[in-house]
file structure07.cif (mmCIF, C-alpha atoms)
data_work
#
loop_
_atom_site.group_PDB
_atom_site.id
_atom_site.type_symbol
_atom_site.label_atom_id
_atom_site.label_comp_id
_atom_site.auth_asym_id
_atom_site.auth_seq_id
_atom_site.Cartn_x
_atom_site.Cartn_y
_atom_site.Cartn_z
ATOM 1 C CA MET Y 1 217.120 99.164 303.135
ATOM 2 C CA GLY Y 2 216.766 98.773 299.366
ATOM 3 C CA LEU Y 3 218.238 101.116 296.764
ATOM 4 C CA ARG Y 4 214.945 102.925 296.206
ATOM 5 C CA GLU Y 5 214.504 103.534 299.922
ATOM 6 C CA GLN Y 6 218.104 104.752 300.247
ATOM 7 C CA MET Y 7 217.644 107.256 297.429
ATOM 8 C CA LEU Y 8 214.406 108.555 298.917
ATOM 9 C CA ALA Y 9 216.015 108.867 302.352
ATOM 10 C CA THR Y 10 218.826 110.958 300.853
ATOM 11 C CA VAL Y 11 216.409 113.206 298.996
ATOM 12 C CA GLU Y 12 214.201 113.604 302.071
ATOM 13 C CA GLY Y 13 217.286 114.746 303.952
ATOM 14 C CA SER Y 14 217.105 118.042 302.042
ATOM 15 C CA PRO Y 15 213.793 119.346 303.461
ATOM 16 C CA ALA Y 16 214.809 118.014 306.883
ATOM 17 C CA ALA Y 17 218.031 120.053 306.786
ATOM 18 C CA VAL Y 18 216.189 123.093 305.414
ATOM 19 C CA ALA Y 19 213.602 122.896 308.208
ATOM 20 C CA ALA Y 20 216.375 122.666 310.808
ATOM 21 C CA HIS Y 21 218.351 125.502 309.135
ATOM 22 C CA ASP Y 22 221.313 123.117 309.146
ATOM 23 C CA LYS Y 23 223.490 124.377 306.323
ATOM 24 C CA GLN Y 24 226.297 121.828 306.708
ATOM 25 C CA ARG Y 25 223.870 118.939 306.794
ATOM 26 C CA TRP Y 26 222.229 120.246 303.598
ATOM 27 C CA LEU Y 27 225.573 120.667 301.826
ATOM 28 C CA SER Y 28 226.666 117.166 302.867
ATOM 29 C CA LEU Y 29 223.872 115.657 300.756
ATOM 30 C CA PHE Y 30 225.555 116.818 297.517
ATOM 31 C CA ALA Y 31 228.478 115.369 295.602
ATOM 32 C CA PRO Y 32 231.589 117.644 295.441
ATOM 33 C CA ASP Y 33 230.780 118.885 291.919
ATOM 34 C CA ALA Y 34 226.998 118.802 292.285
ATOM 35 C CA ILE Y 35 224.694 121.280 290.532
ATOM 36 C CA VAL Y 36 221.709 123.127 291.952
ATOM 37 C CA ASN Y 37 219.547 124.776 289.287
ATOM 38 C CA ASP Y 38 216.757 126.542 291.175
ATOM 39 C CA PRO Y 39 214.687 127.603 289.353
ATOM 40 C CA VAL Y 40 215.469 125.771 286.128
ATOM 41 C CA GLY Y 41 216.306 128.431 283.562
ATOM 42 C CA SER Y 42 218.404 130.515 285.949
ATOM 43 C CA SER Y 43 222.179 130.134 286.064
ATOM 44 C CA PRO Y 44 223.088 126.907 287.901
ATOM 45 C CA HIS Y 45 225.239 126.758 291.026
ATOM 46 C CA ARG Y 46 228.018 124.168 291.052
ATOM 47 C CA GLY Y 47 230.299 122.903 293.802
ATOM 48 C CA ASP Y 48 230.397 123.493 297.542
ATOM 49 C CA GLU Y 49 231.262 127.204 297.463
ATOM 50 C CA GLN Y 50 228.484 128.166 295.059
ATOM 51 C CA LEU Y 51 225.962 125.907 296.811
ATOM 52 C CA SER Y 52 226.915 127.577 300.077
ATOM 53 C CA ARG Y 53 226.158 131.008 298.602
ATOM 54 C CA PHE Y 54 222.881 129.677 297.191
ATOM 55 C CA TYR Y 55 221.896 128.475 300.674
ATOM 56 C CA ASP Y 56 222.770 131.819 302.269
ATOM 57 C CA THR Y 57 220.744 133.726 299.665
ATOM 58 C CA PHE Y 58 217.576 131.712 299.229
ATOM 59 C CA ILE Y 59 217.240 129.231 302.100
ATOM 60 C CA ALA Y 60 218.709 130.753 305.252
ATOM 61 C CA PRO Y 61 216.452 133.866 305.449
ATOM 62 C CA ASN Y 62 213.181 131.926 305.080
ATOM 63 C CA THR Y 63 211.164 129.154 306.663
ATOM 64 C CA ILE Y 64 210.462 126.605 303.923
ATOM 65 C CA VAL Y 65 208.007 123.743 304.364
ATOM 66 C CA PHE Y 66 207.791 120.932 301.804
ATOM 67 C CA HIS Y 67 204.339 119.452 301.147
ATOM 68 C CA PRO Y 68 205.016 116.386 298.958
ATOM 69 C CA ALA Y 69 202.201 114.807 296.978
ATOM 70 C CA HIS Y 70 204.116 112.012 295.235
ATOM 71 C CA ASP Y 71 207.672 110.678 294.985
ATOM 72 C CA ILE Y 72 208.842 108.814 291.886
ATOM 73 C CA VAL Y 73 212.076 106.830 291.653
ATOM 74 C CA CYS Y 74 212.995 106.230 288.016
ATOM 75 C CA GLY Y 75 216.436 104.744 287.433
ATOM 76 C CA ASP Y 76 218.958 107.089 289.061
ATOM 77 C CA THR Y 77 216.450 109.971 289.195
ATOM 78 C CA VAL Y 78 214.047 110.931 291.979
ATOM 79 C CA ILE Y 79 211.116 113.187 291.113
ATOM 80 C CA ARG Y 80 209.178 114.945 293.859
ATOM 81 C CA ASP Y 81 205.787 116.388 292.959
ATOM 82 C CA LEU Y 82 205.081 118.878 295.717
ATOM 83 C CA THR Y 83 204.137 122.345 296.903
ATOM 84 C CA LEU Y 84 206.493 124.642 298.794
ATOM 85 C CA GLU Y 85 205.208 126.858 301.585
ATOM 86 C CA ILE Y 86 207.708 129.711 301.934
ATOM 87 C CA VAL Y 87 207.313 131.898 305.016
ATOM 88 C CA MET Y 88 209.187 135.085 304.092
ATOM 89 C CA SER Y 89 207.950 137.221 306.996
ATOM 90 C CA ASP Y 90 205.216 137.267 309.624
ATOM 91 C CA ALA Y 91 202.957 138.875 307.026
ATOM 92 C CA VAL Y 92 203.961 137.056 303.824
ATOM 93 C CA THR Y 93 203.734 133.343 303.024
ATOM 94 C CA LEU Y 94 204.027 132.132 299.428
ATOM 95 C CA THR Y 95 202.701 128.872 297.996
ATOM 96 C CA VAL Y 96 204.781 127.552 295.107
ATOM 97 C CA PRO Y 97 203.879 124.452 293.022
ATOM 98 C CA VAL Y 98 207.072 122.572 292.124
ATOM 99 C CA HIS Y 99 208.458 119.516 290.393
ATOM 100 C CA LEU Y 100 211.854 118.697 291.939
ATOM 101 C CA ARG Y 101 214.210 116.507 289.910
ATOM 102 C CA TYR Y 102 217.131 114.920 291.749
ATOM 103 C CA GLU Y 103 219.835 113.248 289.657
ATOM 104 C CA MET Y 104 221.688 110.900 292.003
ATOM 105 C CA ALA Y 105 225.453 110.315 291.983
ATOM 106 C CA SER Y 106 224.865 107.348 294.297
ATOM 107 C CA ALA Y 107 222.186 106.229 296.720
ATOM 108 C CA ASP Y 108 223.483 108.677 299.330
ATOM 109 C CA LEU Y 109 224.749 111.619 297.233
ATOM 110 C CA ILE Y 110 222.930 114.052 294.950
ATOM 111 C CA ALA Y 111 224.627 114.983 291.668
ATOM 112 C CA GLY Y 112 222.043 117.538 290.596
ATOM 113 C CA LEU Y 113 218.932 119.249 291.953
ATOM 114 C CA PHE Y 114 216.715 120.828 289.286
ATOM 115 C CA ALA Y 115 213.712 122.782 290.587
ATOM 116 C CA HIS Y 116 210.952 123.276 288.039
ATOM 117 C CA TRP Y 117 208.798 126.186 289.217
ATOM 118 C CA GLU Y 118 207.585 129.450 287.726
ATOM 119 C CA LEU Y 119 209.595 132.483 288.864
ATOM 120 C CA PRO Y 120 207.245 135.079 287.299
ATOM 121 C CA THR Y 121 204.253 133.473 289.039
ATOM 122 C CA MET Y 122 206.010 133.605 292.407
ATOM 123 C CA VAL Y 123 207.013 137.247 291.897
ATOM 124 C CA ARG Y 124 203.428 138.181 291.015
ATOM 125 C CA GLN Y 125 202.275 136.424 294.178
ATOM 126 C CA LEU Y 126 204.825 138.394 296.211
ATOM 127 C CA LEU Y 127 203.914 141.737 294.641
ATOM 128 C CA ALA Y 128 200.246 141.073 295.373
ATOM 129 C CA GLU Y 129 201.155 141.414 299.047
ATOM 130 C CA GLY Y 130 201.590 145.161 298.488
ATOM 131 C CA LEU Y 131 203.609 147.077 301.070
ATOM 132 C CA ASP Y 132 204.318 143.890 303.032
ATOM 133 C CA ALA Y 133 206.428 142.736 300.067
ATOM 134 C CA LEU Y 134 208.717 145.792 300.078
ATOM 135 C CA PRO Y 135 211.098 144.779 302.896
ATOM 136 C CA ILE Y 136 211.256 141.223 301.510
ATOM 137 C CA SER Y 137 212.156 142.434 298.028
ATOM 138 C CA THR Y 138 214.806 144.745 299.483
ATOM 139 C CA ARG Y 139 216.251 141.917 301.588
ATOM 140 C CA LEU Y 140 216.375 139.523 298.631
ATOM 141 C CA ALA Y 141 218.050 142.083 296.375
ATOM 142 C CA GLY Y 142 220.631 142.786 299.070
ATOM 143 C CA ALA Y 143 221.323 139.081 299.624
ATOM 144 C CA LEU Y 144 221.735 138.498 295.886
ATOM 145 C CA LEU Y 145 224.248 141.303 295.523
ATOM 146 C CA ARG Y 146 226.082 140.468 298.758
ATOM 147 C CA ASN Y 147 226.378 136.715 298.184
ATOM 148 C CA GLN Y 148 226.463 136.439 294.399
ATOM 149 C CA ARG Y 149 227.434 139.877 293.086
ATOM 150 C CA LEU Y 150 225.957 141.394 289.929
ATOM 151 C CA GLY Y 151 226.720 138.308 287.840
ATOM 152 C CA GLY Y 152 224.791 136.057 290.201
ATOM 153 C CA ALA Y 153 221.844 138.444 290.320
ATOM 154 C CA ALA Y 154 221.765 138.538 286.514
ATOM 155 C CA GLY Y 155 222.009 134.745 286.441
ATOM 156 C CA PHE Y 156 219.017 134.444 288.764
ATOM 157 C CA ALA Y 157 217.024 136.834 286.550
ATOM 158 C CA ARG Y 158 217.501 134.449 283.634
ATOM 159 C CA GLY Y 159 214.774 132.390 285.302
ATOM 160 C CA PHE Y 160 212.250 134.881 283.927
ATOM 161 C CA VAL Y 161 213.028 133.656 280.396
ATOM 162 C CA ARG Y 162 211.061 130.458 279.960
ATOM 163 C CA ALA Y 163 208.536 128.524 277.972
ATOM 164 C CA GLY Y 164 205.152 130.217 278.248
ATOM 165 C CA ALA Y 165 201.428 129.641 277.993
ATOM 166 C CA ALA Y 166 201.588 128.501 274.359
ATOM 167 C CA GLU Y 167 204.213 125.854 275.164
ATOM 168 C CA LYS Y 168 202.161 124.651 278.118
ATOM 169 C CA ARG Y 169 199.072 124.298 275.925
ATOM 170 C CA ARG Y 170 201.113 122.439 273.302
ATOM 171 C CA THR Y 171 202.518 120.051 275.909
ATOM 172 C CA LEU Y 172 199.118 119.294 277.413
ATOM 173 C CA ALA Y 173 197.602 118.714 273.969
ATOM 174 C CA PHE Y 174 200.489 116.400 273.056
ATOM 175 C CA LEU Y 175 200.124 114.372 276.261
ATOM 176 C CA ASP Y 176 196.322 114.259 276.172
ATOM 177 C CA ALA Y 177 196.500 112.884 272.637
ATOM 178 C CA ALA Y 178 199.194 110.381 273.601
ATOM 179 C CA CYS Y 179 197.265 109.186 276.634
ATOM 180 C CA ALA Y 180 194.243 108.634 274.404
ATOM 181 C CA GLY Y 181 196.366 106.809 271.800
ATOM 182 C CA ARG Y 182 195.657 109.401 269.113
ATOM 183 C CA SER Y 183 199.084 110.837 268.306
ATOM 184 C CA GLY Y 184 201.323 109.953 265.384
ATOM 185 C CA SER Y 185 204.072 112.350 266.438
ATOM 186 C CA ASP Y 186 207.684 111.444 265.698
ATOM 187 C CA VAL Y 187 208.986 113.321 268.760
ATOM 188 C CA ARG Y 188 211.633 111.329 270.599
ATOM 189 C CA VAL Y 189 210.121 109.916 273.791
ATOM 190 C CA GLU Y 190 211.830 108.270 276.732
ATOM 191 C CA TYR Y 191 209.461 106.338 278.942
ATOM 192 C CA GLY Y 192 210.554 104.939 282.270
ATOM 193 C CA ALA Y 193 214.219 104.235 282.928
ATOM 194 C CA GLY Y 194 215.998 104.133 279.603
ATOM 195 C CA ARG Y 195 213.401 102.967 277.040
ATOM 196 C CA VAL Y 196 213.433 105.342 274.096
ATOM 197 C CA GLY Y 197 211.396 105.285 270.893
ATOM 198 C CA PRO Y 198 208.773 107.011 268.755
ATOM 199 C CA LEU Y 199 205.569 107.839 270.580
ATOM 200 C CA ALA Y 200 203.606 105.410 268.405
ATOM 201 C CA ASP Y 201 205.557 102.512 269.969
ATOM 202 C CA LEU Y 202 204.719 103.675 273.482
ATOM 203 C CA ARG Y 203 200.992 104.381 273.201
ATOM 204 C CA ASP Y 204 200.004 101.259 275.091
ATOM 205 C CA GLU Y 205 202.159 102.289 278.042
ATOM 206 C CA LEU Y 206 200.818 105.861 278.064
ATOM 207 C CA ASP Y 207 197.218 104.750 277.616
ATOM 208 C CA GLY Y 208 194.880 105.889 280.363
ATOM 209 C CA TRP Y 209 197.118 108.481 282.040
ATOM 210 C CA ARG Y 210 195.571 111.853 282.902
ATOM 211 C CA THR Y 211 197.343 115.218 282.928
ATOM 212 C CA GLY Y 212 197.428 117.488 285.979
ATOM 213 C CA LYS Y 213 199.729 120.230 287.291
ATOM 214 C CA CYS Y 214 201.645 121.941 284.483
ATOM 215 C CA LEU Y 215 204.724 124.141 285.022
ATOM 216 C CA ALA Y 216 207.069 126.005 282.688
ATOM 217 C CA ALA Y 217 210.695 126.650 283.661
ATOM 218 C CA GLY Y 218 213.552 127.398 281.299
ATOM 219 C CA ARG Y 219 213.012 125.516 278.049
ATOM 220 C CA TYR Y 220 211.037 122.775 279.787
ATOM 221 C CA VAL Y 221 207.391 122.142 280.570
ATOM 222 C CA THR Y 222 206.667 119.546 283.261
ATOM 223 C CA VAL Y 223 203.293 117.893 283.817
ATOM 224 C CA SER Y 224 201.963 115.661 286.587
ATOM 225 C CA LEU Y 225 200.340 112.436 285.333
ATOM 226 C CA THR Y 226 198.057 110.001 287.137
ATOM 227 C CA ARG Y 227 196.519 106.635 286.262
ATOM 228 C CA GLY Y 228 194.543 105.166 289.112
ATOM 229 C CA ASP Y 229 197.001 104.926 291.999
ATOM 230 C CA GLU Y 230 200.022 105.391 289.703
ATOM 231 C CA HIS Y 231 201.880 108.694 289.369
ATOM 232 C CA ALA Y 232 204.355 110.056 286.833
ATOM 233 C CA VAL Y 233 205.813 113.351 285.656
ATOM 234 C CA ALA Y 234 206.375 114.205 281.987
ATOM 235 C CA MET Y 235 209.024 116.680 280.874
ATOM 236 C CA ALA Y 236 208.868 118.311 277.435
ATOM 237 C CA THR Y 237 211.966 120.001 276.021
ATOM 238 C CA PHE Y 238 211.356 122.970 273.717
ATOM 239 C CA GLU Y 239 213.434 124.568 270.995
ATOM 240 C CA ARG Y 240 212.002 127.440 268.932
ATOM 241 C CA ARG Y 241 208.579 126.844 270.489
ATOM 242 C CA GLN Y 242 208.474 123.229 269.320
ATOM 243 C CA ILE Y 243 208.688 120.046 271.415
ATOM 244 C CA VAL Y 244 211.945 118.311 270.513
ATOM 245 C CA ALA Y 245 211.959 115.631 273.231
ATOM 246 C CA MET Y 246 209.627 114.183 275.812
ATOM 247 C CA LYS Y 247 210.613 112.179 278.889
ATOM 248 C CA VAL Y 248 208.124 110.479 281.179
ATOM 249 C CA TYR Y 249 209.359 109.669 284.673
ATOM 250 C CA VAL Y 250 207.415 106.758 286.102
ATOM 251 C CA ALA Y 251 208.338 104.465 288.971
ATOM 252 C CA SER Y 252 210.829 101.827 287.765
#
call {"tool": "encode", "arguments": {"input": "structure07.cif", "output": "structure tokens"}}
result
Amino acid sequence: MGLREQMLATVEGSPAAVAAHDKQRWLSLFAPDAIVNDPVGSSPHRGDEQLSRFYDTFIAPNTIVFHPAHDIVCGDTVIRDLTLEIVMSDAVTLTVPVHLRYEMASADLIAGLFAHWELPTMVRQLLAEGLDALPISTRLAGALLRNQRLGGAAGFARGFVRAGAAEKRRTLAFLDAACAGRSGSDVRVEYGAGRVGPLADLRDELDGWRTGKCLAAGRYVTVSLTRGDEHAVAMATFERRQIVAMKVYVAS
């Protein structure tokens, strides 16, 4: 098995363990000081004890099904472009578009899991369920306080603070222009595994890509890209509502 296949097998071990509700198997996929930031923008969990509490709060009570569209291995990073189906009760199932970013410590250990999805959108979807959402909301609040105390609950709520619609529009306009070879921006761009330079130097490589799913989490906006049978994910970093860096993850 090659390195790429080993990394994908490790990453795919996560949904397998989640589906089996096998907490120890899930924890074993992570390096001792690994980080889980889910959603990006909330306070991260680090190390076995905090990851264990994260599992008990957000994974154990639910049935979570991963529906992957594309997997991208780029250097020591694996990107999964997918949709989560979260069965929270017999009456409530949520559908959550996600970009998952796995930073690998080695081919068989995860150093960091960063889940780019929109917490406010998911909450609105839950509240739309009306009275069926009430016991779920009560259960989640209780699990947060029981497993992570007030500090952990406040840290989770930080996920509501994120780039918004304006930043998403700016990112899509930036990428659409780049893919058409029209941009003269001096934003720092990293394309592929380790090649960094001004966007003008990378136009030929971005030429012909099309933008798709767009998500805002924390100070990042992530966008699915396609070109024929090729797939990539772009990640814009924002400061003060301006793009300060752009990274494009494409298969290495």
call {"tool": "atom_distance", "arguments": {"input": "structure07.cif", "atom1": "CA of Ala154 (chain Y)", "atom2": "CA of Val40 (chain Y)"}}
result
14.2 Å
call {"tool": "closest_residue", "arguments": {"input": "structure07.cif", "among": "Y:Asn37, Y:Thr226, Y:Gln24, Y:Thr10", "to": "Ala115 (chain Y)", "atoms": "all atoms listed in the file"}}
result
Y:Asn37
call {"tool": "resolve_selection", "arguments": {"input": "structure07.cif", "expression": "the PyMOL selection byres ((chain Y and resi 127-142) around 9)", "output": "list of chain:residue names"}}
result
Y:Thr57, Y:Phe58, Y:Pro61, Y:Met88, Y:Ser89, Y:Ala91, Y:Val92, Y:Met122, Y:Val123, Y:Arg124, Y:Gln125, Y:Leu126, Y:Ala143, Y:Leu144, Y:Leu145, Y:Arg146, Y:Asn147, Y:Ala153
call {"tool": "atom_distance", "arguments": {"input": "structure07.cif", "atom1": "CA of Ser28 (chain Y)", "atom2": "CA of Ala16 (chain Y)"}}
result
12.5 Å
call {"tool": "atom_distance", "arguments": {"input": "structure07.cif", "atom1": "CA of Leu27 (chain Y)", "atom2": "CA of Asp108 (chain Y)"}}
result
12.4 Å
